[in-house]
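Peer 1: Following this message is one structure expressed as C-alpha cells.
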4 protein chains.
Amino acid sequence: MRADARRNRDRILAAAEEVFARHGASASTEEVAAIAGVAIGTVFRHFPTKQDLLAAIVKELLARLTAEVAELASADPATALFDFVERVVEQAAEKRAVVELLAADGVRVGVADPLRGLADALGVLLSRAQQAGAVRAEIRLDEVLALLTATAQGALHGGWSEDLRRRALAVVFAGMRP
Amino acid sequence: MRADARRNRDRILAAAEEVFARHGASASTEEVAAIAGVAIGTVFRHFPTKQDLLAAIVKELLARLTAEVAELASADPATALFDFVERVVEQAAEKRAVVELLAADGVRVGVADPLRGLADALGVLLSRAQQAGAVRAEIRLDEVLALLTATAQGALHGGWSEDLRRRALAVVFAGMRP
Amino acid sequence: MRADARRNRDRILAAAEEVFARHGASASTEEVAAIAGVAIGTVFRHFPTKQDLLAAIVKELLARLTAEVAELASADPATALFDFVERVVEQAAEKRAVVELLAADGVRVGVADPLRGLADALGVLLSRAQQAGAVRAEIRLDEVLALLTATAQGALHGGWSEDLRRRALAVVFAGMRP
Amino acid sequence: MRADARRNRDRILAAAEEVFARHGASASTEEVAAIAGVAIGTVFRHFPTKQDLLAAIVKELLARLTAEVAELASADPATALFDFVERVVEQAAEKRAVVELLAADGVRVGVADPLRGLADALGVLLSRAQQAGAVRAEIRLDEVLALLTATAQGALHGGWSEDLRRRALAVVFAGMRP
DNA sequence: AATGAATGAGGCTTCATTCAT
DNA sequence: TATGAATGAAGCCTCATTCAT
C-alpha cells in the first residue's frame with residue numbers, strides 16, 4: 001500500500017472512531033469522509049461497506065484492549081483484573097459505536113475472532129485473580145465479560161460521572177470478592 | 001377526545017411497543033401503523049413526531065414499573081429490591097427500544113419526570129432494604145439505578161441466557177450486601 | 001386506489017415508457033419522475049423497484065399486443081399473421097426498453113406469464129395461416145417468435161428506414177410461405 | 001510504441017472482449033483491467049474513454065469478419081453467403097457487446113469505416129450468389145445486413161438453442177432464394 | 001509508461017413528515 | 001378524524017475518469 005493510501009486509511013479510521021463515538025453506528029459515512037478530509041469514494045475504496053468500516057474500528061479497539069490485557073499478565077494478580085475492567089469502563093464513553101457493536105452485533109460485524117482473543121486474555125487475568133484469592137472461585141469468565149460490557153454500556157449511554165462510575169464498579173468488584 | 005380516537009391511540013401505543021421491542025428504535029413508523037391497523041397519518045396525528053411516540057411508550061413503561069415498585073412497598077424489605085431488579089432485567093429483552101432510550105436519550109426524549117417518579121419509588125425500596133440490613137448503608141440510589149440500567153442493557157443487547165443473567169445479577173447483589 | 005394516485009401511476013408509466021424508449025433500460029428513475037412531474041418517492045411508492053417499473057411497462061405492452069392479436073383472430077387467416085408481425089416491428093422503435101427486456105430479461109423481469117399469453121395468441125394466428133395454406137406446415141411457433149423479436153430488435157437498434165424494414169420483412173415472409 | 005506497451009494494449013483488448021462478451025457493454029472497466037492483469041490507469045492510457053475501448057474491440061471483430069468474407073470469395077458462390085451468415089449468427093453469443101454496439105451505437109462508437117469494409121466484402125458474396133442463381137436478384141445488400149444483425153442479436157439476447165437458430169435461419173434463407 | 005489511489009457525480013432506495021381527499 | 005398518497009432529504013454504494021507517485 002502506498003504511503004498516501006496508508007495515511008488516508010488511518011485518517012478515515014480516526015474520523016470514523018470520532019464520528020461513530022459521537023453519533024453511534026447510525027452516523028453517516030459521508031460525515032466520516034468529510035471529517036477525514038477525503039472524498040466519499042475513498043472511504044469505500046478502503047472499506048467497501050459501512051459494516052467493514054465499523055468492523056475495522058471495533059477490531060482495532062479489541063486489539064488494543066487485548067494488548068493492554070497482555071501487559072497486565074505480569075502485574076499483581078490480585079488487582080490486575082479489577083484495574084483492567086476499571087480502565088475499559090473509563091474509556092467506554094470514547095467508543096460509543098464500539099461498545100454498541102461489541103454488545104449487539106459482535107457476530108454480525110464479523111469480529112468474532114478478535115473478540116475471542118480478548119476473552120482468552122481476560123480469562124488468564126481471571127484465573128490468576130482467583131488463584132490469588134482475590135476473586136471467588138465459582139465466578140466464570142462469561143459473567144465477567146457480561147458485567148464488563150454491561151457497565152461499559154451503562155457508563156457510556158448513561159453518561160455516568162466519574163464518581164458514579166467508581167461507586168458502581170465498587171459494588172460489582174465487591175460482589176466478585178470472596 | 002372521541003372514543004374511537006382514544007381506541008386508536010391505544011392500538012398505536014401497543015403496536016409501537018411491539019415493533020420497537022422487536023427492531024429497536026430504528027424501526028419504521030410505517031410498520032407501527034400497519035400493525036396498529038391504522039393509516040400512517042393517524043399515527044402522526046396522535047404523535048406528531050416519532051420521538052413523541054417513543055417518549056410515550058417509555059413513559060408508559062416507567063409508569064408500569066413505578067406501580068410495580070409501589071406494590072412491593074409492603075413486601076419483605078430484605079428481598080423486595082432484589083426481586084424488583086431481577087424482574088426488570090428479566091423483561092429487558094422485551095423492551096428493546098425502551099431500554100435504549102432510557103439509557104441513551106432519557107433527557108432528549110423528555111421523560112425526566114416519570115423517570116424521577118420511578119427513582120423515588122425505588123429509593124423507598126432501597127432504604128427499607130438498608131434498614132433491614134440486606135444492603136450496605138453506603139450504597140446510594142444512583143448506583144442502584146446505574147447498575148439496574150447497565151445490566152438491563154447488557155441482558156438486552158448481549159442476549160444473555162437465563163443462566164448468565166442470574167449469575168451476573170448474583171454478583172451484583174453480592175456486592176450490595178453487607 | 002384514489003383518483004389522484006391512479007392518475008400519477010398512469011403518468012409515471014407513460015413517462016417510463018418514453019424515457020426507457022429513448023435511453024434504454026439503463027435510464028434513471030429520477031428522469032422518469034421528472035418527466036412524470038412527481039417526486040422520486042412517488043415513483044417508488046407505485047413501483048418499489050426499478051425492476052418493477054420495467055416489468056410494469058413490459059406487461060402493459062404485452063397485454064396490448066395480445067389484445068391486438070385477439071382482434072385479428074377473425075381476420076383473413078392468410079394475412080393476419082403477417083400483418084401482426086409487420087405492425088409489431090413497425091412499433092418497435094417506440095419501445096426500446098420493452099424490446100430489450102423481452103429479448104434479454106423476460107424471465108428475470110417476471111413477465112413470463114404475459115409473455116406466454118402473447119405466444120399462445122400468436123400460435124392461433126400461425127395455425128390458421130398454415131391451415132389457409134399461407135405458411136409452410138413445418139414452421140413452428142418458436143421460429144416465428146424468434147424472428148419476430150429478432151426483426152423487432154433489428155428495426156429498433158438498427159434504425160431501419162421504413163423501406164428497409166419492409167424489404168427485410170418481405171424476405172422473412174417469403175421464407176415462411178410454401 | 002514500446003514493446004511492452006504494445007503487449008499491454010493487446011492484453012487489454014483480449015480482456016475487454018472477454019469481459020464485454022460475458023456481461024455486455026455495461027461491465028466495468030475495472031474488471032477489464034483486472035483480467036488483463038494491468039492497473040486501471042493503463043487501460044485509460046491506451047483507451048482514453050470506455051467508448052474508445054468498445055470501439056476498438058468492435059473494429060477488431062469487424063476486421064476479422066471482413067477477412068473471413070474475403071476468404072470465402074473463392075468458395076462456392078451458391079453457398080458462401082449462407083455459410084457466412086450462419087457462422088456469424090453462431091458466434092453472436094460470444095460477442096455480446098459487439099453485437100449490442102454494432103446494432104445500437106454503430107455510428108456513435110465511430111466504427112463507420114470498418115463497417116463499410118465489411119459491407120463491401122459482403123456485397124461481393126451477395127452478387128456472386130445472385131449470379132449463381134442462389135439468391136433472388138431484387139434482394140439488396142442492406143436487407144442482408146439488416147437480417148444478419150437482427151438474427152445475430154436475436155440469437156444472442158434470446159438465448160436461442162442451436163436447433164432454433166438453424167430453423168430461424170432456414171426461414172430467412174428460404175426467403176432469399178428464388 | 002505503469003500504477004493504483006482519489007475523486008465526485010449519479011444511481012437506487014428508505015422513511016419521517018405533510019397534505020389533499 | 002382518518003386515510004394514504006406525495007414529498008424530498010439523506011443514506012449507501014458504483015464507476016468512469018483524473019492525478020500523484
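Letters for chains follow the order of the C-alpha cells (A, B, ...), residue numbers begin at 1 for each chain, and ligand numbers begin at 1 in the order shown.
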Please tabulate, as a Markdown table, the residues of chain E that come within 9 Å of chain C, each with its closest pair of atoms and the distance in Å to one decimal, counting only C-alpha atoms (C1' of nucleotides) and ordering rows by chain, then residue number upward.

Peer 2:
```
| residue | atom | partner | partner_atom | distance |
| --- | --- | --- | --- | --- |
| E:DG11 | C1' | C:Ser28 | CA | 7.0 |
| E:DC12 | C1' | C:Lys50 | CA | 8.0 |
| E:DT13 | C1' | C:Phe44 | CA | 8.1 |
| E:DT21 | C1' | C:Arg2 | CA | 8.4 |
```

Peer 1: Tell me which protein, DNA and RNA residues are within 8 Å of range 64-74 of chain C, counting only C-alpha atoms (C1' of nucleotides), leaving out same-chain ones fewer than 4 positions away, and put them as a PyMOL selection string.

Peer 2: chain C and resi 60+80+84+88+117-118+121-122+124-125

Peer 1: May I have the residues of chain C within 9 Å of chain D, counting only C-alpha atoms, written as a PyMOL selection string?

Peer 2: chain C and resi 100+102-105+139-140+142-144+146-147+149-160+164-165+167-177

Peer 1: Could the residues in this selection be written to a file with N, CA and C atoms, as a JSON list (two decimals), in the first residue's frame?

Peer 2:
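Saved as out-v1.json:
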```json
[["chain", "number", "residue", "atom", "x", "y", "z"],
["C", 100, "GLU", "N", -35.84, -4.64, -25.52],
["C", 100, "GLU", "CA", -34.65, -5.13, -24.81],
["C", 100, "GLU", "C", -35.03, -6.18, -23.79],
["C", 102, "LEU", "N", -37.86, -7.84, -23.38],
["C", 102, "LEU", "CA", -38.49, -9.03, -23.94],
["C", 102, "LEU", "C", -37.41, -10.01, -24.36],
["C", 103, "ALA", "N", -36.44, -9.47, -25.03],
["C", 103, "ALA", "CA", -35.42, -10.33, -25.60],
["C", 103, "ALA", "C", -34.48, -10.84, -24.54],
["C", 104, "ALA", "N", -34.09, -9.96, -23.63],
["C", 104, "ALA", "CA", -32.98, -10.32, -22.76],
["C", 104, "ALA", "C", -33.41, -10.83, -21.40],
["C", 105, "ASP", "N", -34.36, -10.15, -20.81],
["C", 105, "ASP", "CA", -34.58, -10.40, -19.40],
["C", 105, "ASP", "C", -35.98, -10.90, -19.09],
["C", 139, "ILE", "N", -43.25, -25.03, -40.18],
["C", 139, "ILE", "CA", -42.77, -23.89, -39.38],
["C", 139, "ILE", "C", -43.44, -23.90, -38.02],
["C", 140, "ARG", "N", -42.62, -23.72, -36.97],
["C", 140, "ARG", "CA", -43.17, -23.81, -35.61],
["C", 140, "ARG", "C", -43.25, -22.44, -34.94],
["C", 142, "ASP", "N", -42.02, -21.27, -32.22],
["C", 142, "ASP", "CA", -40.83, -20.63, -31.66],
["C", 142, "ASP", "C", -40.00, -19.92, -32.72],
["C", 143, "GLU", "N", -40.01, -20.46, -33.95],
["C", 143, "GLU", "CA", -39.31, -19.74, -35.01],
["C", 143, "GLU", "C", -39.97, -18.39, -35.27],
["C", 144, "VAL", "N", -41.27, -18.42, -35.30],
["C", 144, "VAL", "CA", -41.98, -17.18, -35.58],
["C", 144, "VAL", "C", -41.68, -16.14, -34.50],
["C", 146, "ALA", "N", -39.11, -16.08, -32.55],
["C", 146, "ALA", "CA", -37.70, -15.72, -32.64],
["C", 146, "ALA", "C", -37.49, -14.68, -33.73],
["C", 147, "LEU", "N", -38.07, -14.93, -34.88],
["C", 147, "LEU", "CA", -37.89, -13.99, -35.99],
["C", 147, "LEU", "C", -38.60, -12.67, -35.70],
["C", 149, "THR", "N", -39.01, -11.25, -32.65],
["C", 149, "THR", "CA", -38.20, -10.42, -31.75],
["C", 149, "THR", "C", -36.90, -10.00, -32.43],
["C", 150, "ALA", "N", -36.34, -10.87, -33.23],
["C", 150, "ALA", "CA", -35.09, -10.50, -33.89],
["C", 150, "ALA", "C", -35.29, -9.30, -34.79],
["C", 151, "THR", "N", -36.32, -9.35, -35.62],
["C", 151, "THR", "CA", -36.52, -8.21, -36.53],
["C", 151, "THR", "C", -36.96, -6.97, -35.77],
["C", 152, "ALA", "N", -37.73, -7.18, -34.70],
["C", 152, "ALA", "CA", -38.12, -6.01, -33.92],
["C", 152, "ALA", "C", -36.89, -5.34, -33.33],
["C", 153, "GLN", "N", -36.01, -6.16, -32.77],
["C", 153, "GLN", "CA", -34.77, -5.60, -32.24],
["C", 153, "GLN", "C", -33.95, -4.95, -33.33],
["C", 154, "GLY", "N", -33.86, -5.65, -34.44],
["C", 154, "GLY", "CA", -33.08, -5.10, -35.55],
["C", 154, "GLY", "C", -33.61, -3.74, -35.94],
["C", 155, "ALA", "N", -34.91, -3.68, -36.14],
["C", 155, "ALA", "CA", -35.52, -2.42, -36.57],
["C", 155, "ALA", "C", -35.27, -1.34, -35.54],
["C", 156, "LEU", "N", -35.37, -1.74, -34.30],
["C", 156, "LEU", "CA", -35.19, -0.79, -33.22],
["C", 156, "LEU", "C", -33.77, -0.26, -33.16],
["C", 157, "HIS", "N", -32.85, -1.16, -32.95],
["C", 157, "HIS", "CA", -31.48, -0.73, -32.73],
["C", 157, "HIS", "C", -30.80, -0.29, -34.02],
["C", 158, "GLY", "N", -31.20, -0.90, -35.11],
["C", 158, "GLY", "CA", -30.50, -0.59, -36.34],
["C", 158, "GLY", "C", -31.02, 0.67, -36.99],
["C", 159, "GLY", "N", -32.12, 1.19, -36.46],
["C", 159, "GLY", "CA", -32.67, 2.40, -37.07],
["C", 159, "GLY", "C", -33.06, 2.20, -38.51],
["C", 160, "TRP", "N", -33.69, 1.08, -38.78],
["C", 160, "TRP", "CA", -34.09, 0.80, -40.16],
["C", 160, "TRP", "C", -35.06, 1.84, -40.69],
["C", 164, "LEU", "N", -36.51, -0.16, -45.68],
["C", 164, "LEU", "CA", -35.66, -1.31, -45.35],
["C", 164, "LEU", "C", -36.45, -2.31, -44.53],
["C", 165, "ARG", "N", -37.20, -1.81, -43.57],
["C", 165, "ARG", "CA", -37.98, -2.72, -42.75],
["C", 165, "ARG", "C", -38.91, -3.55, -43.63],
["C", 167, "ARG", "N", -38.66, -4.36, -46.76],
["C", 167, "ARG", "CA", -37.94, -5.34, -47.57],
["C", 167, "ARG", "C", -37.41, -6.50, -46.73],
["C", 168, "ALA", "N", -36.91, -6.16, -45.54],
["C", 168, "ALA", "CA", -36.39, -7.23, -44.68],
["C", 168, "ALA", "C", -37.52, -8.19, -44.29],
["C", 169, "LEU", "N", -38.64, -7.62, -43.93],
["C", 169, "LEU", "CA", -39.76, -8.49, -43.56],
["C", 169, "LEU", "C", -40.25, -9.28, -44.77],
["C", 170, "ALA", "N", -40.19, -8.66, -45.93],
["C", 170, "ALA", "CA", -40.64, -9.38, -47.13],
["C", 170, "ALA", "C", -39.82, -10.65, -47.30],
["C", 171, "VAL", "N", -38.53, -10.56, -47.04],
["C", 171, "VAL", "CA", -37.68, -11.75, -47.14],
["C", 171, "VAL", "C", -38.15, -12.81, -46.15],
["C", 172, "VAL", "N", -38.35, -12.38, -44.92],
["C", 172, "VAL", "CA", -38.76, -13.34, -43.89],
["C", 172, "VAL", "C", -40.10, -13.97, -44.26],
["C", 173, "PHE", "N", -41.04, -13.14, -44.70],
["C", 173, "PHE", "CA", -42.36, -13.67, -45.04],
["C", 173, "PHE", "C", -42.26, -14.64, -46.21],
["C", 174, "ALA", "N", -41.47, -14.28, -47.19],
["C", 174, "ALA", "CA", -41.29, -15.18, -48.34],
["C", 174, "ALA", "C", -40.76, -16.52, -47.86],
["C", 175, "GLY", "N", -39.88, -16.46, -46.86],
["C", 175, "GLY", "CA", -39.32, -17.70, -46.35],
["C", 175, "GLY", "C", -40.33, -18.55, -45.59],
["C", 176, "MET", "N", -41.39, -17.94, -45.17],
["C", 176, "MET", "CA", -42.41, -18.70, -44.44],
["C", 176, "MET", "C", -43.47, -19.29, -45.36],
["C", 177, "ARG", "N", -43.57, -18.74, -46.54],
["C", 177, "ARG", "CA", -44.62, -19.21, -47.46],
["C", 177, "ARG", "C", -44.23, -20.54, -48.08]]
```

Peer 1: Per residue of chain F within 9 Å of range 1-6 of chain E, what are the shortest atom pair and its distance in Å to one decimal, counting only C-alpha atoms (C1' of nucleotides), with rows by chain and residue number, as a tab-separated table?

Peer 2:
```
residue	atom	partner	partner_atom	distance
F:DT18	C1'	E:DA6	C1'	8.4
F:DC19	C1'	E:DA6	C1'	8.2
F:DA20	C1'	E:DA5	C1'	8.7
F:DT21	C1'	E:DT3	C1'	8.2
```

Peer 1: Rank nothing, just name the residue among A:Glu31, A:Asp120, A:Asp83, A:Asp76 nearest to chain F, using only C-alpha atoms (C1' of nucleotides).

Peer 2: A:Glu31

Peer 1: Counting only C-alpha atoms (C1' of nucleotides), which residues of chain F come no farther than 12 Å from chain C, as a PDB file with N, CA, C and O atoms (P, O5', C5', C4', C3', O3' and C1' of nucleotides), in the first residue's frame?

Peer 2:
```pdb
ATOM      1  P    DT F   3     -57.848   5.197   9.625  1.00  0.00           P
ATOM      2  O5'  DT F   3     -57.585   5.724   8.160  1.00  0.00           O
ATOM      3  C5'  DT F   3     -58.660   5.725   7.221  1.00  0.00           C
ATOM      4  C4'  DT F   3     -58.168   6.243   5.891  1.00  0.00           C
ATOM      5  C3'  DT F   3     -56.865   5.581   5.419  1.00  0.00           C
ATOM      6  O3'  DT F   3     -57.139   4.868   4.237  1.00  0.00           O
ATOM      7  C1'  DT F   3     -56.829   7.941   5.126  1.00  0.00           C
ATOM      8  P    DG F   4     -56.286   3.585   3.873  1.00  0.00           P
ATOM      9  O5'  DG F   4     -55.229   4.285   2.919  1.00  0.00           O
ATOM     10  C5'  DG F   4     -55.699   5.027   1.804  1.00  0.00           C
ATOM     11  C4'  DG F   4     -54.572   5.871   1.251  1.00  0.00           C
ATOM     12  C3'  DG F   4     -53.214   5.156   1.184  1.00  0.00           C
ATOM     13  O3'  DG F   4     -52.473   5.689   0.102  1.00  0.00           O
ATOM     14  C1'  DG F   4     -52.964   7.061   2.392  1.00  0.00           C
ATOM     15  P    DA F   5     -52.381   4.888  -1.222  1.00  0.00           P
ATOM     16  O5'  DA F   5     -52.018   6.066  -2.236  1.00  0.00           O
ATOM     17  C5'  DA F   5     -53.002   7.074  -2.462  1.00  0.00           C
ATOM     18  C4'  DA F   5     -52.328   8.414  -2.706  1.00  0.00           C
ATOM     19  C3'  DA F   5     -51.023   8.342  -3.500  1.00  0.00           C
ATOM     20  O3'  DA F   5     -51.026   9.439  -4.403  1.00  0.00           O
ATOM     21  C1'  DA F   5     -50.607   9.364  -1.421  1.00  0.00           C
ATOM     22  P    DA F   6     -49.696   9.683  -5.252  1.00  0.00           P
ATOM     23  O5'  DA F   6     -48.937  10.774  -4.392  1.00  0.00           O
ATOM     24  C5'  DA F   6     -49.546  12.057  -4.259  1.00  0.00           C
ATOM     25  C4'  DA F   6     -48.521  13.047  -3.737  1.00  0.00           C
ATOM     26  C3'  DA F   6     -47.181  13.039  -4.476  1.00  0.00           C
ATOM     27  O3'  DA F   6     -46.854  14.381  -4.805  1.00  0.00           O
ATOM     28  C1'  DA F   6     -46.843  12.703  -2.143  1.00  0.00           C
ATOM     29  P    DT F   7     -45.456  14.680  -5.442  1.00  0.00           P
ATOM     30  O5'  DT F   7     -44.544  15.046  -4.204  1.00  0.00           O
ATOM     31  C5'  DT F   7     -45.016  16.035  -3.302  1.00  0.00           C
ATOM     32  C4'  DT F   7     -44.023  16.199  -2.177  1.00  0.00           C
ATOM     33  C3'  DT F   7     -42.557  16.340  -2.649  1.00  0.00           C
ATOM     34  O3'  DT F   7     -42.093  17.610  -2.247  1.00  0.00           O
ATOM     35  C1'  DT F   7     -42.752  14.812  -0.845  1.00  0.00           C
ATOM     36  P    DG F   8     -40.991  18.357  -3.094  1.00  0.00           P
ATOM     37  O5'  DG F   8     -39.677  17.889  -2.349  1.00  0.00           O
ATOM     38  C5'  DG F   8     -39.574  18.139  -0.959  1.00  0.00           C
ATOM     39  C4'  DG F   8     -38.397  17.368  -0.394  1.00  0.00           C
ATOM     40  C3'  DG F   8     -37.163  17.303  -1.312  1.00  0.00           C
ATOM     41  O3'  DG F   8     -36.004  17.297  -0.481  1.00  0.00           O
ATOM     42  C1'  DG F   8     -37.793  15.175  -0.784  1.00  0.00           C
ATOM     43  P    DA F   9     -34.938  18.409  -0.725  1.00  0.00           P
ATOM     44  O5'  DA F   9     -34.145  18.311   0.641  1.00  0.00           O
ATOM     45  C5'  DA F   9     -34.855  18.241   1.882  1.00  0.00           C
ATOM     46  C4'  DA F   9     -34.301  17.134   2.748  1.00  0.00           C
ATOM     47  C3'  DA F   9     -32.783  17.006   2.719  1.00  0.00           C
ATOM     48  O3'  DA F   9     -32.357  16.676   4.029  1.00  0.00           O
ATOM     49  C1'  DA F   9     -33.744  14.955   2.040  1.00  0.00           C
TER      50       DA F   9
END
```

Peer 1: Would you return as a PyMOL selection string the members of range 98-164 of chain D that DSSP assigns to alpha helix (DSSP H) on this structure's backbone?

Peer 2: chain D and resi 98-104+112-131+141-158+162-164

Peer 1: Go ahead and write the residues just picked, N, CA and C atoms, as a compact mmCIF listing (two decimals), in the first residue's frame.

Peer 2:
```txt
# COMPACT_ATOMS: atom_id res chain seq x y z
N VAL D 98 -20.23 -6.62 -28.73
CA VAL D 98 -20.05 -6.27 -30.13
C VAL D 98 -21.39 -6.18 -30.84
N VAL D 99 -22.18 -7.19 -30.63
CA VAL D 99 -23.48 -7.18 -31.28
C VAL D 99 -24.29 -5.98 -30.81
N GLU D 100 -24.28 -5.77 -29.53
CA GLU D 100 -25.00 -4.61 -28.99
C GLU D 100 -24.58 -3.33 -29.68
N LEU D 101 -23.29 -3.17 -29.76
CA LEU D 101 -22.78 -1.90 -30.25
C LEU D 101 -22.99 -1.77 -31.75
N LEU D 102 -22.75 -2.84 -32.47
CA LEU D 102 -22.97 -2.80 -33.90
C LEU D 102 -24.37 -2.33 -34.17
N ALA D 103 -25.27 -2.90 -33.42
CA ALA D 103 -26.67 -2.61 -33.69
C ALA D 103 -27.06 -1.24 -33.19
N ALA D 104 -26.61 -0.93 -32.00
CA ALA D 104 -27.16 0.24 -31.34
C ALA D 104 -26.36 1.51 -31.59
N ALA D 112 -17.77 3.46 -38.31
CA ALA D 112 -18.44 3.52 -39.61
C ALA D 112 -17.57 2.90 -40.70
N ASP D 113 -16.31 3.25 -40.70
CA ASP D 113 -15.44 2.81 -41.80
C ASP D 113 -15.25 1.29 -41.83
N PRO D 114 -14.83 0.72 -40.74
CA PRO D 114 -14.67 -0.74 -40.78
C PRO D 114 -15.99 -1.43 -41.14
N LEU D 115 -17.08 -0.82 -40.72
CA LEU D 115 -18.37 -1.42 -41.02
C LEU D 115 -18.61 -1.41 -42.52
N ARG D 116 -18.25 -0.30 -43.12
CA ARG D 116 -18.40 -0.22 -44.57
C ARG D 116 -17.54 -1.28 -45.24
N GLY D 117 -16.36 -1.48 -44.68
CA GLY D 117 -15.48 -2.50 -45.25
C GLY D 117 -16.14 -3.86 -45.26
N LEU D 118 -16.72 -4.20 -44.14
CA LEU D 118 -17.39 -5.49 -44.08
C LEU D 118 -18.55 -5.55 -45.07
N ALA D 119 -19.29 -4.45 -45.12
CA ALA D 119 -20.44 -4.42 -46.01
C ALA D 119 -19.99 -4.64 -47.46
N ASP D 120 -18.92 -3.97 -47.83
CA ASP D 120 -18.44 -4.13 -49.21
C ASP D 120 -18.10 -5.58 -49.50
N ALA D 121 -17.37 -6.17 -48.57
CA ALA D 121 -16.97 -7.56 -48.78
C ALA D 121 -18.19 -8.46 -48.89
N LEU D 122 -19.16 -8.19 -48.02
CA LEU D 122 -20.38 -8.99 -48.07
C LEU D 122 -21.09 -8.79 -49.42
N GLY D 123 -21.01 -7.57 -49.90
CA GLY D 123 -21.65 -7.26 -51.18
C GLY D 123 -21.15 -8.18 -52.28
N VAL D 124 -19.88 -8.46 -52.23
CA VAL D 124 -19.32 -9.35 -53.26
C VAL D 124 -19.96 -10.74 -53.17
N LEU D 125 -20.02 -11.25 -51.92
CA LEU D 125 -20.64 -12.57 -51.75
C LEU D 125 -22.06 -12.57 -52.30
N LEU D 126 -22.76 -11.46 -51.99
CA LEU D 126 -24.16 -11.40 -52.42
C LEU D 126 -24.26 -11.42 -53.95
N SER D 127 -23.47 -10.57 -54.60
CA SER D 127 -23.52 -10.53 -56.07
C SER D 127 -23.26 -11.90 -56.66
N ARG D 128 -22.23 -12.52 -56.15
CA ARG D 128 -21.88 -13.82 -56.71
C ARG D 128 -23.01 -14.83 -56.49
N ALA D 129 -23.63 -14.75 -55.30
CA ALA D 129 -24.73 -15.67 -55.04
C ALA D 129 -25.89 -15.41 -56.01
N GLN D 130 -26.09 -14.14 -56.27
CA GLN D 130 -27.20 -13.83 -57.18
C GLN D 130 -26.87 -14.29 -58.60
N GLN D 131 -25.60 -14.06 -59.02
CA GLN D 131 -25.22 -14.51 -60.36
C GLN D 131 -25.30 -16.02 -60.48
N LEU D 141 -28.19 -5.37 -50.62
CA LEU D 141 -27.21 -5.60 -49.56
C LEU D 141 -27.74 -5.17 -48.19
N ASP D 142 -28.43 -4.06 -48.15
CA ASP D 142 -28.85 -3.58 -46.82
C ASP D 142 -29.83 -4.53 -46.15
N GLU D 143 -30.65 -5.20 -46.94
CA GLU D 143 -31.53 -6.20 -46.34
C GLU D 143 -30.70 -7.33 -45.72
N VAL D 144 -29.72 -7.75 -46.44
CA VAL D 144 -28.90 -8.86 -45.95
C VAL D 144 -28.23 -8.45 -44.64
N LEU D 145 -27.66 -7.27 -44.65
CA LEU D 145 -27.01 -6.78 -43.42
C LEU D 145 -28.03 -6.68 -42.29
N ALA D 146 -29.17 -6.16 -42.60
CA ALA D 146 -30.19 -5.97 -41.58
C ALA D 146 -30.60 -7.31 -40.99
N LEU D 147 -30.84 -8.27 -41.85
CA LEU D 147 -31.26 -9.58 -41.36
C LEU D 147 -30.12 -10.27 -40.61
N LEU D 148 -28.92 -10.01 -41.07
CA LEU D 148 -27.76 -10.58 -40.38
C LEU D 148 -27.69 -10.06 -38.94
N THR D 149 -27.72 -8.75 -38.78
CA THR D 149 -27.60 -8.23 -37.41
C THR D 149 -28.83 -8.59 -36.59
N ALA D 150 -29.99 -8.57 -37.22
CA ALA D 150 -31.20 -8.90 -36.46
C ALA D 150 -31.12 -10.31 -35.91
N THR D 151 -30.79 -11.25 -36.74
CA THR D 151 -30.74 -12.63 -36.25
C THR D 151 -29.58 -12.81 -35.27
N ALA D 152 -28.50 -12.12 -35.51
CA ALA D 152 -27.38 -12.24 -34.56
C ALA D 152 -27.82 -11.74 -33.20
N GLN D 153 -28.47 -10.61 -33.20
CA GLN D 153 -28.98 -10.09 -31.93
C GLN D 153 -29.98 -11.03 -31.32
N GLY D 154 -30.87 -11.51 -32.15
CA GLY D 154 -31.88 -12.43 -31.64
C GLY D 154 -31.24 -13.63 -30.98
N ALA D 155 -30.31 -14.21 -31.70
CA ALA D 155 -29.65 -15.40 -31.17
C ALA D 155 -28.95 -15.08 -29.87
N LEU D 156 -28.34 -13.92 -29.82
CA LEU D 156 -27.60 -13.52 -28.64
C LEU D 156 -28.52 -13.31 -27.45
N HIS D 157 -29.42 -12.37 -27.60
CA HIS D 157 -30.24 -12.00 -26.45
C HIS D 157 -31.32 -13.02 -26.16
N GLY D 158 -31.79 -13.67 -27.19
CA GLY D 158 -32.90 -14.59 -26.96
C GLY D 158 -32.43 -15.93 -26.44
N GLU D 162 -29.39 -24.25 -30.48
CA GLU D 162 -28.78 -24.48 -31.79
C GLU D 162 -29.86 -24.84 -32.80
N ASP D 163 -30.78 -25.63 -32.35
CA ASP D 163 -31.84 -26.06 -33.26
C ASP D 163 -32.69 -24.88 -33.71
N LEU D 164 -33.07 -24.05 -32.76
CA LEU D 164 -33.90 -22.91 -33.11
C LEU D 164 -33.18 -21.97 -34.07
```

Peer 1: Quick one: distance from C1' of DG8 in chain E to CA of Ile12 in chain A in Å, one decimal?

Peer 2: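 Atom-to-atom, C1' of DG8 in chain E and CA of Ile12 in chain A are spaced 17.3 Å apart.
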